[in-house]
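Structure file query_37.tsv; described as TSV, C-alpha atoms and all ligand atoms.
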```tsv
chain	number	residue	atom	x	y	z
A	1	MET	CA	10.28	39.44	145.81
A	2	THR	CA	12.87	40.03	143.11
A	3	LEU	CA	12.91	38.01	139.97
A	4	GLU	CA	16.29	36.64	139.00
A	5	PRO	CA	17.05	36.69	135.29
A	6	ALA	CA	16.48	33.23	133.86
A	7	ALA	CA	19.62	31.14	133.83
A	8	ALA	CA	20.76	30.23	130.36
A	9	GLY	CA	19.22	26.79	129.91
A	10	PRO	CA	19.71	24.21	127.22
A	11	PRO	CA	18.88	25.34	123.69
A	12	ALA	CA	15.31	24.83	122.45
A	13	ARG	CA	15.05	21.45	120.77
A	14	GLY	CA	15.53	21.49	117.01
A	15	ARG	CA	12.75	20.52	114.63
A	16	PHE	CA	12.67	17.14	112.93
A	17	VAL	CA	11.39	17.30	109.34
A	18	THR	CA	11.21	14.23	107.11
A	19	PHE	CA	10.71	13.84	103.36
A	20	GLU	CA	8.97	10.75	102.02
A	21	GLY	CA	7.59	9.42	98.76
A	22	GLY	CA	8.27	7.04	95.92
A	23	GLU	CA	11.30	6.77	93.66
A	24	GLY	CA	12.34	9.96	91.87
A	25	ALA	CA	9.71	12.10	93.59
A	26	GLY	CA	12.28	14.87	94.17
A	27	LYS	CA	13.00	14.42	97.90
A	28	SER	CA	16.75	15.03	97.67
A	29	THR	CA	16.22	18.09	95.48
A	30	GLN	CA	13.66	19.61	97.84
A	31	ILE	CA	15.58	18.83	101.00
A	32	ARG	CA	18.57	20.75	99.65
A	33	LEU	CA	16.38	23.71	98.72
A	34	LEU	CA	14.84	23.76	102.17
A	35	ALA	CA	18.24	23.52	103.85
A	36	ASP	CA	19.39	26.56	101.85
A	37	ARG	CA	16.29	28.42	102.90
A	38	LEU	CA	16.75	27.61	106.58
A	39	GLU	CA	20.38	28.70	106.38
A	40	ALA	CA	19.27	32.01	104.89
A	41	LEU	CA	16.90	32.36	107.82
A	42	GLU	CA	19.85	31.76	110.15
A	43	LEU	CA	18.42	28.48	111.45
A	44	ARG	CA	20.98	25.76	112.06
A	45	ALA	CA	20.08	22.60	110.12
A	46	ILE	CA	21.64	19.35	108.96
A	47	VAL	CA	20.58	17.21	106.02
A	48	THR	CA	20.70	13.47	106.44
A	49	ARG	CA	19.17	10.37	104.89
A	50	GLU	CA	17.95	6.82	105.40
A	51	PRO	CA	19.02	4.18	105.04
A	52	GLY	CA	22.31	5.71	106.11
A	53	GLY	CA	23.21	9.03	107.67
A	54	SER	CA	25.78	7.67	110.16
A	55	PRO	CA	28.92	5.62	109.46
A	56	GLY	CA	27.38	2.36	110.68
A	57	ALA	CA	24.10	2.93	108.88
A	58	GLU	CA	25.87	3.76	105.61
A	59	ILE	CA	27.43	0.28	105.67
A	60	ILE	CA	23.97	-1.25	106.07
A	61	ARG	CA	22.70	1.00	103.24
A	62	HIS	CA	25.16	-0.65	100.92
A	63	VAL	CA	23.90	-4.10	101.95
A	64	VAL	CA	20.19	-3.36	101.48
A	65	LEU	CA	20.42	-1.35	98.27
A	66	SER	CA	22.67	-3.96	96.67
A	67	GLY	CA	19.80	-6.44	97.07
A	68	MET	CA	21.72	-8.68	99.48
A	69	GLY	CA	19.19	-8.03	102.24
A	70	LYS	CA	16.36	-9.27	100.01
A	71	LEU	CA	17.90	-12.73	100.02
A	72	LEU	CA	17.29	-12.92	103.78
A	73	GLY	CA	13.52	-12.50	103.43
A	74	PRO	CA	11.21	-9.55	104.23
A	75	GLU	CA	11.49	-9.59	108.03
A	76	ALA	CA	15.27	-9.91	108.14
A	77	GLU	CA	15.59	-7.20	105.47
A	78	THR	CA	13.40	-4.98	107.63
A	79	LEU	CA	15.67	-5.69	110.60
A	80	LEU	CA	18.55	-4.31	108.55
A	81	PHE	CA	16.66	-1.05	107.98
A	82	ALA	CA	15.86	-1.00	111.71
A	83	ALA	CA	19.51	-1.52	112.69
A	84	ALA	CA	20.55	1.31	110.39
A	85	ARG	CA	17.85	3.56	111.87
A	86	ASP	CA	18.87	2.75	115.41
A	87	ASP	CA	22.44	3.86	114.75
A	88	HIS	CA	21.35	6.94	112.82
A	89	VAL	CA	18.88	8.09	115.49
A	90	HIS	CA	21.32	7.68	118.36
A	91	ALA	CA	24.48	8.89	116.62
A	92	VAL	CA	23.10	11.78	114.56
A	93	ILE	CA	19.44	12.73	114.89
A	94	GLU	CA	18.93	12.88	118.66
A	95	PRO	CA	22.22	14.67	119.41
A	96	ALA	CA	21.47	17.32	116.77
A	97	LEU	CA	17.90	17.93	117.97
A	98	ALA	CA	19.15	18.22	121.56
A	99	GLN	CA	21.56	20.96	120.46
A	100	GLY	CA	18.74	22.93	118.85
A	101	ILE	CA	19.71	21.94	115.32
A	102	TRP	CA	17.01	21.19	112.79
A	103	VAL	CA	17.24	17.76	111.18
A	104	LEU	CA	16.02	17.38	107.60
A	105	CYS	CA	15.88	13.68	106.84
A	106	ASP	CA	15.48	12.08	103.40
A	107	ARG	CA	13.20	9.15	104.32
A	108	PHE	CA	12.48	7.80	107.80
A	109	ALA	CA	10.09	5.34	109.46
A	110	ASP	CA	7.23	5.98	107.00
A	111	SER	CA	9.40	4.41	104.30
A	112	THR	CA	9.58	1.21	106.34
A	113	ARG	CA	5.81	1.33	106.82
A	114	ALA	CA	5.27	1.77	103.08
A	115	TYR	CA	7.99	-0.40	101.54
A	116	GLN	CA	8.27	-3.21	104.08
A	117	GLY	CA	4.84	-2.92	105.74
A	118	SER	CA	2.50	-2.40	102.82
A	119	LEU	CA	4.58	-4.07	100.16
A	120	GLY	CA	6.94	-6.41	101.95
A	121	GLN	CA	4.01	-7.68	103.99
A	122	VAL	CA	5.78	-7.43	107.31
A	123	ALA	CA	3.12	-7.45	110.03
A	124	PRO	CA	2.27	-4.19	111.84
A	125	ALA	CA	3.08	-5.81	115.20
A	126	VAL	CA	6.62	-6.54	113.99
A	127	LEU	CA	7.04	-2.99	112.68
A	128	ASN	CA	5.70	-1.55	115.95
A	129	ALA	CA	8.17	-3.59	117.96
A	130	MET	CA	11.07	-2.41	115.80
A	131	GLU	CA	9.94	1.21	116.09
A	132	ARG	CA	9.80	0.94	119.87
A	133	VAL	CA	13.42	-0.16	119.91
A	134	THR	CA	14.82	2.15	117.25
A	135	ILE	CA	12.94	5.43	117.58
A	136	GLY	CA	11.08	5.17	120.87
A	137	ARG	CA	9.07	8.36	121.21
A	138	LEU	CA	10.88	10.22	118.45
A	139	LYS	CA	8.43	11.42	115.84
A	140	PRO	CA	8.94	13.90	113.03
A	141	ASP	CA	7.45	17.32	113.77
A	142	LEU	CA	6.51	17.51	110.11
A	143	THR	CA	6.60	15.06	107.21
A	144	PHE	CA	6.37	16.06	103.57
A	145	ILE	CA	5.05	13.24	101.40
A	146	LEU	CA	5.99	14.01	97.81
A	147	ASP	CA	3.34	12.56	95.54
A	148	ILE	CA	3.99	11.97	91.86
A	149	PRO	CA	2.60	9.66	89.15
A	150	VAL	CA	4.71	6.52	89.15
A	151	GLU	CA	5.77	6.76	85.50
A	152	ILE	CA	7.13	10.26	85.98
A	153	GLY	CA	8.99	9.36	89.16
A	154	MET	CA	10.55	6.33	87.49
A	155	GLN	CA	11.57	8.43	84.47
A	156	ARG	CA	13.23	10.98	86.72
A	157	ALA	CA	15.04	8.27	88.71
A	158	ALA	CA	16.22	6.62	85.46
A	159	ALA	CA	17.45	9.95	84.04
A	160	ARG	CA	19.40	10.67	87.22
A	161	ARG	CA	20.86	7.16	87.30
A	162	GLY	CA	22.10	7.34	83.68
A	163	ALA	CA	23.88	4.15	82.64
A	164	GLY	CA	23.97	2.78	86.23
A	165	ALA	CA	21.90	-0.26	87.23
A	166	PRO	CA	18.62	0.23	89.14
A	167	ASP	CA	18.92	-0.47	92.87
A	168	ARG	CA	17.02	-3.07	94.90
A	169	PHE	CA	13.72	-1.16	94.92
A	170	GLU	CA	13.97	0.73	91.62
A	171	ALA	CA	14.12	-2.70	90.00
A	172	GLU	CA	10.65	-3.68	91.27
A	173	ASP	CA	7.74	-3.69	88.78
A	174	ILE	CA	5.26	-0.88	88.08
A	175	GLN	CA	2.55	-2.49	90.24
A	176	PHE	CA	4.90	-2.38	93.24
A	177	HIS	CA	5.42	1.35	92.71
A	178	GLN	CA	1.68	1.99	92.25
A	179	GLN	CA	0.98	0.26	95.57
A	180	LEU	CA	3.79	2.21	97.15
A	181	ARG	CA	2.28	5.50	96.03
A	182	GLU	CA	-1.05	4.46	97.56
A	183	ALA	CA	0.66	3.44	100.80
A	184	PHE	CA	2.25	6.89	101.16
A	185	ARG	CA	-1.03	8.63	100.33
A	186	GLN	CA	-2.70	6.50	102.99
A	187	ILE	CA	-0.11	7.54	105.59
A	188	ALA	CA	-0.74	11.20	104.73
A	189	ALA	CA	-4.50	10.69	105.09
A	190	THR	CA	-4.14	8.84	108.39
A	191	GLU	CA	-1.86	11.39	110.07
A	192	PRO	CA	-2.85	14.81	108.74
A	193	GLN	CA	-1.44	16.65	111.77
A	194	ARG	CA	2.05	15.45	111.01
A	195	CYS	CA	1.97	14.86	107.25
A	196	VAL	CA	1.51	17.19	104.30
A	197	LEU	CA	0.88	15.67	100.88
A	198	ILE	CA	2.82	17.68	98.29
A	199	ASP	CA	2.02	17.61	94.58
A	200	ALA	CA	5.52	16.89	93.29
A	201	ASN	CA	4.50	16.77	89.62
A	202	ALA	CA	5.59	20.33	88.97
A	203	ASP	CA	8.85	22.19	88.48
A	204	ALA	CA	11.20	22.23	91.47
A	205	ALA	CA	10.50	25.89	92.34
A	206	THR	CA	6.73	25.30	92.46
A	207	VAL	CA	7.18	22.25	94.68
A	208	ALA	CA	9.54	24.21	96.93
A	209	ALA	CA	6.95	26.98	97.29
A	210	GLN	CA	4.35	24.45	98.51
A	211	ILE	CA	6.85	23.14	101.04
A	212	ARG	CA	7.73	26.59	102.34
A	213	THR	CA	4.08	27.50	102.74
A	214	ALA	CA	3.39	24.35	104.75
A	215	LEU	CA	6.50	24.89	106.85
A	216	ARG	CA	5.43	28.44	107.66
A	217	GLU	CA	1.93	27.33	108.60
A	218	ARG	CA	2.80	24.15	110.49
A	219	LEU	CA	6.01	25.11	112.29
A	220	LEU	CA	5.43	28.86	112.46
A	221	VAL	CA	8.72	29.65	110.78
A	222	ASN	CA	9.24	33.39	110.69
A	223	GLU	CA	10.07	34.22	107.09
A	224	THR	CA	10.38	37.95	107.65
A	225	ARG	CA	14.12	37.64	108.24
A	226	PRO	CA	16.55	37.98	105.29
A	227	GLU	CA	14.45	38.41	102.18
A	228	THR	CA	17.32	37.77	99.84
A	229	ALA	CA	17.01	33.98	100.07
A	230	SER	CA	14.83	32.06	97.70
A	231	ALA	CA	14.04	28.38	97.69
B	1	LIG	N1	13.83	2.17	101.80
B	1	LIG	C1	14.30	3.18	102.58
B	1	LIG	C2	13.06	1.13	102.34
B	1	LIG	O1	12.66	0.22	101.63
B	1	LIG	N2	12.76	1.17	103.68
B	1	LIG	C3	13.21	2.15	104.51
B	1	LIG	O2	12.93	2.13	105.73
B	1	LIG	C4	14.02	3.20	103.94
B	1	LIG	C5	14.51	4.32	104.82
B	1	LIG	C6	16.61	4.32	99.26
B	1	LIG	C7	15.74	3.11	99.01
B	1	LIG	O3	15.54	2.42	100.23
B	1	LIG	C8	14.17	2.15	100.38
B	1	LIG	C9	13.46	3.19	99.58
B	1	LIG	C10	14.40	3.48	98.44
B	1	LIG	O4	14.09	2.60	97.38
B	1	LIG	P1	17.79	6.09	97.72
B	1	LIG	O5	18.95	5.81	96.83
B	1	LIG	O6	18.09	6.83	98.97
B	1	LIG	O7	17.05	4.75	98.04
B	1	LIG	O8	16.78	6.83	96.80
B	1	LIG	P2	15.35	7.44	97.01
B	1	LIG	O9	15.15	7.87	98.41
B	1	LIG	O10	14.36	6.51	96.42
B	1	LIG	O11	15.40	8.74	96.18
B	1	LIG	P3	15.61	8.94	94.67
B	1	LIG	O12	17.07	9.21	94.52
B	1	LIG	O13	15.00	7.88	93.82
B	1	LIG	O14	14.77	10.17	94.33
B	1	LIG	P4	14.44	11.54	95.04
B	1	LIG	O15	15.45	11.90	96.08
B	1	LIG	O16	13.04	11.51	95.45
B	1	LIG	O17	14.58	12.51	93.80
B	1	LIG	P5	15.77	13.50	93.35
B	1	LIG	O18	15.60	14.78	94.04
B	1	LIG	O19	17.06	12.78	93.44
B	1	LIG	O20	15.36	13.70	91.85
B	1	LIG	C11	15.46	12.66	90.89
B	1	LIG	C12	15.79	13.30	89.53
B	1	LIG	O21	14.71	14.14	89.14
B	1	LIG	C13	15.13	15.51	89.00
B	1	LIG	C14	16.45	15.62	89.73
B	1	LIG	O22	17.27	16.60	89.18
B	1	LIG	C15	17.03	14.22	89.56
B	1	LIG	O23	17.69	14.10	88.34
B	1	LIG	N3	14.08	16.34	89.60
B	1	LIG	C16	13.13	16.96	88.89
B	1	LIG	N4	12.88	17.01	87.56
B	1	LIG	C17	11.78	17.74	87.17
B	1	LIG	N5	10.96	18.41	88.04
B	1	LIG	C18	11.18	18.38	89.35
B	1	LIG	N6	10.36	19.02	90.19
B	1	LIG	C19	12.31	17.63	89.83
B	1	LIG	N7	12.80	17.38	91.08
B	1	LIG	C20	13.88	16.59	90.91
```
Can you dump the structure from the file as structure tokens?
Amino acid sequence: MTLEPAAAGPPARGRFVTFEGGEGAGKSTQIRLLADRLEALELRAIVTREPGGSPGAEIIRHVVLSGMGKLLGPEAETLLFAAARDDHVHAVIEPALAQGIWVLCDRFADSTRAYQGSLGQVAPAVLNAMERVTIGRLKPDLTFILDIPVEIGMQRAAARRGAGAPDRFEAEDIQFHQQLREAFRQIAATEPQRCVLIDANADAATVAAQIRTALRERLLVNETRPETASA
């Protein structure tokens, strides 16, 4: 029997990596550093965010972050996040993963669990139903939960914002943000196979080093390729 060379099949599915945590934890900073690193390793990757990331979802982002969604009540506000996620998943995330492209996403379903579930008091059954519709079986391969004392995160967010007004969630009180931090820590403790808790109360390079170590260990990224890159 002769073995035929394998036909060129579809590309291996890309990896889905999400970044979560409270306000000002450094998610956007770290996601950019990781994207640079993956590019240096010649891995194709896109950076995206929630709420938003697709044209339709960006419109909904404007509605929720302006505070208009809050007026509708917790469940309807959560439906807005779900509608945005549905568009983002189908228009951007799934097509990229299917083409073998890594997707680095600034917030995803854990944010709904923490902000709307733990703090907005939307029932788990409601959140489960929304997840079934919006993400189905899609799960991040790896989630970095950036953990930082609330006061420091809020200071960073305020410094970045400058003279601008705080958004819908930045405007919540300190107790809200303390509970939020606990909710994210709880998610990390509950799903240790998927989640890595990162100490984000350090300079950006130190945080990036923790992330790269976890990425290497969890997703077996070969870092022996170009050594010139640094995250
Ligand atoms: N939301 C979202 C829900 O309620 N439910 C959901 O389902 C979803 C998806 C989105 C909001 O929507 C809510 C959660 C959010 O409240 P957003 O505008 O996208 O809001 O903002 P956030 O995701 O909250 O992100 P932030 O912009 O607040 O902060 P990041 O991205 O965590 O932090 P970053 O990187 O922008 O850094 C903030 C500042 O700190 C500096 C940066 O230079 C920047 O100035 N910094 C550091 N300084 C010192 N040391 C470090 N290590 C630093 N890293 C960054």
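If you count all atoms listed in the file and draw a sphere of 10 Å around (-0.2, 21.0, 104.4), the protein and nucleic acid residues inside it come out as Leu142, Thr143, Phe144, Ile145, Ala188, Pro192, Gln193, Arg194, Cys195, Val196, Leu197, Ile198, Gln210, Ile211, Arg212, Thr213, Ala214, Leu215, Arg216, Glu217 and Arg218 of chain A.
Selecting by distance to (17.0, -4.3, 114.6) with a limit of 12 Å and using only C-alpha atoms, one obtains Ala57, Ile60, Glu75, Ala76, Glu77, Thr78, Leu79, Leu80, Phe81, Ala82, Ala83, Ala84, Arg85, Asp86, Asp87, Val126, Leu127, Asn128, Ala129, Met130, Glu131, Arg132, Val133, Thr134 and Ile135 of chain A.
For the residues A:Val122, A:Ala40, A:Val207, A:Ala45, ranking by smallest atom-to-atom distance to ligand LIG 1 (chain B) using all atoms listed in the file places A:Val207 first.
The gap separating atom CA of Glu23 of chain A from atom CA of Glu151 of chain A is 9.9 Å, in Å to one decimal.
Distance-wise, atom CA of Ser66 of chain A and atom CA of Phe108 of chain A end up 19.1 Å apart.
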message: If I take atom C3 of ligand LIG 1 (chain B) and atom CA of Ala163 of chain A, how far is one from the other in Å, to one decimal?
response: 24.4 Å
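Using only C-alpha atoms, the contacts of Gln30 of chain A at a cut-off of 9 Å, with sequence neighbours closer than 6 positions omitted, comprise Phe19, Ala204, Ala205, Val207, Ala208, Ile211 and Ala231 of chain A.
Closest approach to His177 of chain A among A:Ile31, A:Ala91, A:Ala96, A:Ala25: A:Ala25, based on only C-alpha atoms.
When all atoms listed in the file are used to compute distances to Arg61 of chain A, the closest of the residues A:Asp167, A:Asp110, A:Glu20, A:Glu39 turns out to be A:Asp167.
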field: Which of A:Ala123, A:Leu65, A:Leu38, A:Ile174 sits closest to Val150 of chain A [using all atoms listed in the file]
entry: A:Ile174
message: Using all atoms listed in the file, can you tell me which of A:Pro95, A:Pro11, A:Gly24, A:Gly120 comes closest to ligand LIG 1 (chain B)?
response: A:Gly24
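You can rank A:Ala109, A:Leu220, A:Ala183, A:Leu33 by their closest distance to ligand LIG 1 (chain B) using all atoms listed in the file, and at the top of that list sits A:Ala109.
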- request: Tell me, as a PyMOL selection string, which residues lie within 10 Å of Leu43 of chain A, counting all atoms listed in the file; anything in the same chain fewer than 6 positions away does not count.
  value: chain A and resi 14+35-37+100-102+221
Since the input is missing atoms, can you rebuild N, CA, C and O atoms for segment 184-200 of chain A and write them as a PDB file, in the frame of the given file?
```pdb
ATOM      1  N   PHE A 184       1.842   5.571 100.656  1.00  0.00           N
ATOM      2  CA  PHE A 184       2.250   6.890 101.160  1.00  0.00           C
ATOM      3  C   PHE A 184       1.046   7.831 101.259  1.00  0.00           C
ATOM      4  O   PHE A 184       0.920   8.599 102.220  1.00  0.00           O
ATOM      5  N   ARG A 185       0.161   7.772 100.275  1.00  0.00           N
ATOM      6  CA  ARG A 185      -1.030   8.630 100.330  1.00  0.00           C
ATOM      7  C   ARG A 185      -1.893   8.262 101.540  1.00  0.00           C
ATOM      8  O   ARG A 185      -2.488   9.120 102.192  1.00  0.00           O
ATOM      9  N   GLN A 186      -1.934   6.974 101.840  1.00  0.00           N
ATOM     10  CA  GLN A 186      -2.700   6.500 102.990  1.00  0.00           C
ATOM     11  C   GLN A 186      -2.091   7.022 104.305  1.00  0.00           C
ATOM     12  O   GLN A 186      -2.801   7.440 105.221  1.00  0.00           O
ATOM     13  N   ILE A 187      -0.780   7.013 104.386  1.00  0.00           N
ATOM     14  CA  ILE A 187      -0.110   7.540 105.590  1.00  0.00           C
ATOM     15  C   ILE A 187      -0.457   9.017 105.765  1.00  0.00           C
ATOM     16  O   ILE A 187      -0.785   9.475 106.858  1.00  0.00           O
ATOM     17  N   ALA A 188      -0.421   9.761 104.662  1.00  0.00           N
ATOM     18  CA  ALA A 188      -0.740  11.200 104.730  1.00  0.00           C
ATOM     19  C   ALA A 188      -2.182  11.406 105.196  1.00  0.00           C
ATOM     20  O   ALA A 188      -2.470  12.311 105.988  1.00  0.00           O
ATOM     21  N   ALA A 189      -3.083  10.548 104.713  1.00  0.00           N
ATOM     22  CA  ALA A 189      -4.500  10.690 105.090  1.00  0.00           C
ATOM     23  C   ALA A 189      -4.727  10.292 106.545  1.00  0.00           C
ATOM     24  O   ALA A 189      -5.586  10.856 107.232  1.00  0.00           O
ATOM     25  N   THR A 190      -3.957   9.347 107.031  1.00  0.00           N
ATOM     26  CA  THR A 190      -4.140   8.840 108.390  1.00  0.00           C
ATOM     27  C   THR A 190      -3.568   9.790 109.436  1.00  0.00           C
ATOM     28  O   THR A 190      -4.074   9.862 110.550  1.00  0.00           O
ATOM     29  N   GLU A 191      -2.505  10.500 109.093  1.00  0.00           N
ATOM     30  CA  GLU A 191      -1.860  11.390 110.070  1.00  0.00           C
ATOM     31  C   GLU A 191      -1.756  12.821 109.537  1.00  0.00           C
ATOM     32  O   GLU A 191      -0.651  13.333 109.301  1.00  0.00           O
ATOM     33  N   PRO A 192      -2.895  13.481 109.350  1.00  0.00           N
ATOM     34  CA  PRO A 192      -2.850  14.810 108.740  1.00  0.00           C
ATOM     35  C   PRO A 192      -2.184  15.874 109.617  1.00  0.00           C
ATOM     36  O   PRO A 192      -1.712  16.886 109.096  1.00  0.00           O
ATOM     37  N   GLN A 193      -2.107  15.652 110.923  1.00  0.00           N
ATOM     38  CA  GLN A 193      -1.440  16.650 111.770  1.00  0.00           C
ATOM     39  C   GLN A 193       0.051  16.693 111.502  1.00  0.00           C
ATOM     40  O   GLN A 193       0.691  17.729 111.601  1.00  0.00           O
ATOM     41  N   ARG A 194       0.605  15.526 111.225  1.00  0.00           N
ATOM     42  CA  ARG A 194       2.050  15.450 111.010  1.00  0.00           C
ATOM     43  C   ARG A 194       2.432  15.550 109.528  1.00  0.00           C
ATOM     44  O   ARG A 194       3.487  16.079 109.195  1.00  0.00           O
ATOM     45  N   CYS A 195       1.580  15.030 108.657  1.00  0.00           N
ATOM     46  CA  CYS A 195       1.970  14.860 107.250  1.00  0.00           C
ATOM     47  C   CYS A 195       1.304  15.882 106.329  1.00  0.00           C
ATOM     48  O   CYS A 195       0.126  16.201 106.497  1.00  0.00           O
ATOM     49  N   VAL A 196       2.060  16.334 105.342  1.00  0.00           N
ATOM     50  CA  VAL A 196       1.510  17.190 104.300  1.00  0.00           C
ATOM     51  C   VAL A 196       1.787  16.512 102.960  1.00  0.00           C
ATOM     52  O   VAL A 196       2.945  16.212 102.641  1.00  0.00           O
ATOM     53  N   LEU A 197       0.724  16.277 102.214  1.00  0.00           N
ATOM     54  CA  LEU A 197       0.880  15.670 100.880  1.00  0.00           C
ATOM     55  C   LEU A 197       1.214  16.795  99.898  1.00  0.00           C
ATOM     56  O   LEU A 197       0.479  17.780  99.794  1.00  0.00           O
ATOM     57  N   ILE A 198       2.343  16.644  99.214  1.00  0.00           N
ATOM     58  CA  ILE A 198       2.820  17.680  98.290  1.00  0.00           C
ATOM     59  C   ILE A 198       2.689  17.166  96.860  1.00  0.00           C
ATOM     60  O   ILE A 198       3.146  16.057  96.559  1.00  0.00           O
ATOM     61  N   ASP A 199       2.075  17.978  95.996  1.00  0.00           N
ATOM     62  CA  ASP A 199       2.020  17.610  94.580  1.00  0.00           C
ATOM     63  C   ASP A 199       3.401  17.857  93.977  1.00  0.00           C
ATOM     64  O   ASP A 199       3.783  19.011  93.737  1.00  0.00           O
ATOM     65  N   ALA A 200       4.131  16.768  93.760  1.00  0.00           N
ATOM     66  CA  ALA A 200       5.520  16.890  93.290  1.00  0.00           C
ATOM     67  C   ALA A 200       5.628  16.853  91.777  1.00  0.00           C
ATOM     68  O   ALA A 200       6.736  16.891  91.236  1.00  0.00           O
TER      69      ALA A 200
END
```
